[in-house]
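Working notes, beginning with the structure itself.
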Amino acid sequence: MANYSRLPVSFRHGKGCWLWDDAGEKYLDALSGIAVCGLGHTHPAVSQAIKEQADLLLHTSNLYNIEPQLQLATKLNALCATETAFFCNSGAEANEAAIKIARRYGHDHGINNAKIIVMDGAFHGRTLATLSATGNNKIKQGFGPLVEGFIQVPYNDINAVSTHSNESNVVAVMVEPIQGESGINIPNEHYLSELRKLCDKNEWLLMTDEIQSGIGRTGHWLAAQRVGVSADVVTLAKGLANGVPIGACLARGKAAKVFGPGSHGSTFGGNPLACRAALAVINTIEDDELMHNASTMGNYLLNGFKTRLSNLAIIKEIRGQGLLIGIELNKPCAELISKALSQHLLINVTAERVIRLLPPLILQQTEADMIIDTVSELIVDFAKQV
């Protein structure tokens, strides 16, 4: 199906932050599969875990205990201050689980028309329910009727949320601590804590979508941890298993006991292979102090770009946390993706005007310098076309 607009390149193999195409040409990957390959390509710890597990057992179904799944759940709950875990295959499925938790939570409290507050600009997935929760009306077009039960309000506006405090059928707030797909939008430092207080006051669930911002990318396991906020429900996916498909919906407190046997499930979710890969990722991030590296290299990139580009009229803002970085221009700039590719650098443009950089957490300074040099030169040349 023609649902992807593909660039004219095919990669054969990768190592670390680098990819090689079928002609043997080498590319620096500053996108890491859209925040998936946090450890870079063919990391030995992940490859070894996959090989060992493939020789032992791939699948038994969730009718039985799965030891790597239990280990991963224990690890993630400890890192994310949650109590229970549901594993699936993608971020959209993790968010579907969160939406179902919110609805069942409402039903258990006598609310049969539950509403979830979601944000303008949010991206929660492309299944019908997660698309309905998404705050980008452009990508919803043509897929109606959508799933009901969402109240969309402006992002980073606590008053817009508190306006709904007196509505008895609101059960949850679903929010990205940093909006990735809509342009690396970072709320003010009090926004999440104010949402936490508002949810506590109204007995709503606070549900954070950390699918792009989680697993060390911002220098913390979760972006919300930077401001000391713990959610009732946390969703993860992209960077969790470095390319092996997996999603996770974590819950604590009143949200942790909403699901019972038969209320939700997944055939492949949490299989031994994906969980072993995820455990290898988490252990490597800890052992190699990669969250510290993400913070250090992220600041290095931000400072480098600000030094090189801040005086250009075409630059609207340079922002980011850790290795989740956006350079917003004052006009659409999608053509820079192919121009970067011609310079053997992989980048992305989101929200039409924001260059999005998501390099692996293992990024070294020499590689960061290459990214700064290439992207800065592309923008300087692009500015001359204005």
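Following the order of the structure tokens, chains are lettered A, B, ..., residues in each are numbered from 1, and ligands are numbered from 1.
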Report the closest atom pair, with its distance in Å rounded to one decimal, for each residue of stretch 159-277 of chain A that has an atom no farther than 8 Å from stretch 323-332 of chain A; count only C-alpha atoms, sort by chain and then rising residue number, and write it as JSON lines.
{"residue": "A:Gly183", "atom": "CA", "partner": "A:Gly326", "partner_atom": "CA", "distance": 6.6}
{"residue": "A:Ile184", "atom": "CA", "partner": "A:Gly326", "partner_atom": "CA", "distance": 5.5}
{"residue": "A:Ser213", "atom": "CA", "partner": "A:Leu324", "partner_atom": "CA", "distance": 7.4}
{"residue": "A:Arg217", "atom": "CA", "partner": "A:Leu323", "partner_atom": "CA", "distance": 5.7}
{"residue": "A:Thr218", "atom": "CA", "partner": "A:Leu323", "partner_atom": "CA", "distance": 5.9}
{"residue": "A:Gly219", "atom": "CA", "partner": "A:Leu323", "partner_atom": "CA", "distance": 7.8}
Could you pull out the residues in stretch 85-334 of chain A that DSSP calls strand (DSSP E or B) from the backbone, as an NGL selection string? :A and (85-88 or 115-119 or 150-153 or 170-175 or 179 or 185 or 205-209 or 233-236 or 247-251 or 315-321 or 324-329)
Take the residues from that selection and put them in a file with C-alpha atoms, as an mmCIF file, in the first residue's frame.
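Saved to part_21.cif:
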data_model
loop_
_atom_site.group_PDB
_atom_site.id
_atom_site.type_symbol
_atom_site.label_atom_id
_atom_site.label_comp_id
_atom_site.auth_asym_id
_atom_site.auth_seq_id
_atom_site.Cartn_x
_atom_site.Cartn_y
_atom_site.Cartn_z
ATOM 1 C CA ALA A 85 2.495 -3.861 33.504
ATOM 2 C CA PHE A 86 0.712 -4.946 30.328
ATOM 3 C CA PHE A 87 2.873 -5.728 27.298
ATOM 4 C CA CYS A 88 1.843 -5.386 23.661
ATOM 5 C CA LYS A 115 -14.477 11.330 28.790
ATOM 6 C CA ILE A 116 -10.700 11.649 28.565
ATOM 7 C CA ILE A 117 -9.078 15.083 28.250
ATOM 8 C CA VAL A 118 -6.462 15.128 25.474
ATOM 9 C CA MET A 119 -4.331 17.903 23.998
ATOM 10 C CA PHE A 150 -12.321 12.695 24.100
ATOM 11 C CA ILE A 151 -12.238 16.365 25.055
ATOM 12 C CA GLN A 152 -9.477 18.206 23.180
ATOM 13 C CA VAL A 153 -7.924 21.259 24.868
ATOM 14 C CA VAL A 170 -14.337 13.150 32.955
ATOM 15 C CA VAL A 171 -12.143 10.279 34.170
ATOM 16 C CA ALA A 172 -8.610 10.965 32.947
ATOM 17 C CA VAL A 173 -6.088 13.313 31.350
ATOM 18 C CA MET A 174 -3.844 11.870 28.633
ATOM 19 C CA VAL A 175 -0.735 13.916 27.849
ATOM 20 C CA GLN A 179 5.031 16.520 22.231
ATOM 21 C CA ASN A 185 6.842 21.074 22.152
ATOM 22 C CA LEU A 205 -6.228 9.384 36.201
ATOM 23 C CA LEU A 206 -3.103 11.120 34.913
ATOM 24 C CA MET A 207 -1.861 9.128 31.896
ATOM 25 C CA THR A 208 1.487 10.083 30.327
ATOM 26 C CA ASP A 209 2.398 8.979 26.805
ATOM 27 C CA VAL A 233 -0.640 5.222 33.790
ATOM 28 C CA VAL A 234 2.538 5.370 31.676
ATOM 29 C CA THR A 235 2.876 4.127 28.114
ATOM 30 C CA LEU A 236 6.179 3.118 26.478
ATOM 31 C CA GLY A 247 4.879 -1.691 23.850
ATOM 32 C CA ALA A 248 4.110 -1.380 27.530
ATOM 33 C CA CYS A 249 1.278 0.115 29.557
ATOM 34 C CA LEU A 250 2.301 0.557 33.195
ATOM 35 C CA ALA A 251 -0.069 1.458 36.020
ATOM 36 C CA ILE A 315 15.347 30.375 12.966
ATOM 37 C CA LYS A 316 12.254 30.620 15.160
ATOM 38 C CA GLU A 317 13.469 28.494 18.087
ATOM 39 C CA ILE A 318 16.009 25.806 18.955
ATOM 40 C CA ARG A 319 14.745 23.570 21.776
ATOM 41 C CA GLY A 320 14.973 20.123 23.280
ATOM 42 C CA GLN A 321 15.752 17.911 26.238
ATOM 43 C CA LEU A 324 15.060 14.923 21.642
ATOM 44 C CA ILE A 325 15.794 18.128 19.743
ATOM 45 C CA GLY A 326 13.839 20.421 17.461
ATOM 46 C CA ILE A 327 14.994 23.324 15.302
ATOM 47 C CA GLU A 328 11.960 25.351 14.283
ATOM 48 C CA LEU A 329 12.209 27.469 11.143
#
Tell me, in Å to one decimal, how far atom CA of A:Ser263 is from atom CA of A:Val244. 25.7 Å
Looking at only C-alpha atoms, which of A:Ala30, A:Ser376, A:Lys197, A:Leu56 is the one that sits closest to A:Gly304?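 Using only C-alpha atoms, A:Gly304 sits closest to A:Ser376.
The space between atom CA of A:Asp232 and atom CA of A:Ile282 spans 21.6 Å.
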Residues within 7 Å of A:Arg12, only C-alpha atoms, excluding chain neighbours under 3 positions, as a compact mmCIF listing (two decimals) with all heavy atoms, in the first residue's frame:
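In the end it all went to part.txt:
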# COMPACT_ATOMS: atom_id res chain seq x y z
N TRP A 20 24.79 1.59 6.49
CA TRP A 20 25.38 1.46 5.17
C TRP A 20 24.30 1.03 4.19
O TRP A 20 23.50 0.12 4.49
CB TRP A 20 26.49 0.41 5.17
CG TRP A 20 27.78 0.88 5.78
CD1 TRP A 20 28.89 1.31 5.11
CD2 TRP A 20 28.11 0.98 7.18
NE1 TRP A 20 29.88 1.67 6.00
CE2 TRP A 20 29.43 1.49 7.28
CE3 TRP A 20 27.42 0.71 8.36
CZ2 TRP A 20 30.06 1.71 8.50
CZ3 TRP A 20 28.04 0.93 9.58
CH2 TRP A 20 29.34 1.43 9.63
N ASP A 21 24.24 1.70 3.03
CA ASP A 21 23.22 1.34 2.05
C ASP A 21 23.71 0.20 1.14
O ASP A 21 24.83 -0.31 1.30
CB ASP A 21 22.78 2.57 1.25
CG ASP A 21 23.85 3.11 0.31
OD1 ASP A 21 24.88 2.42 0.08
OD2 ASP A 21 23.66 4.22 -0.21
N ASP A 22 22.85 -0.19 0.21
CA ASP A 22 23.18 -1.35 -0.63
C ASP A 22 24.27 -1.06 -1.65
O ASP A 22 24.70 -1.96 -2.38
CB ASP A 22 21.92 -1.90 -1.31
CG ASP A 22 21.11 -0.82 -1.99
OD1 ASP A 22 21.64 0.32 -2.16
OD2 ASP A 22 19.96 -1.09 -2.35
Can you measure atom CA of A:Thr350 to atom CA of A:Lys15 for me? One decimal in Å is fine.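 Spanning atom CA of A:Thr350 to atom CA of A:Lys15 is a straight-line distance of 26.0 Å.
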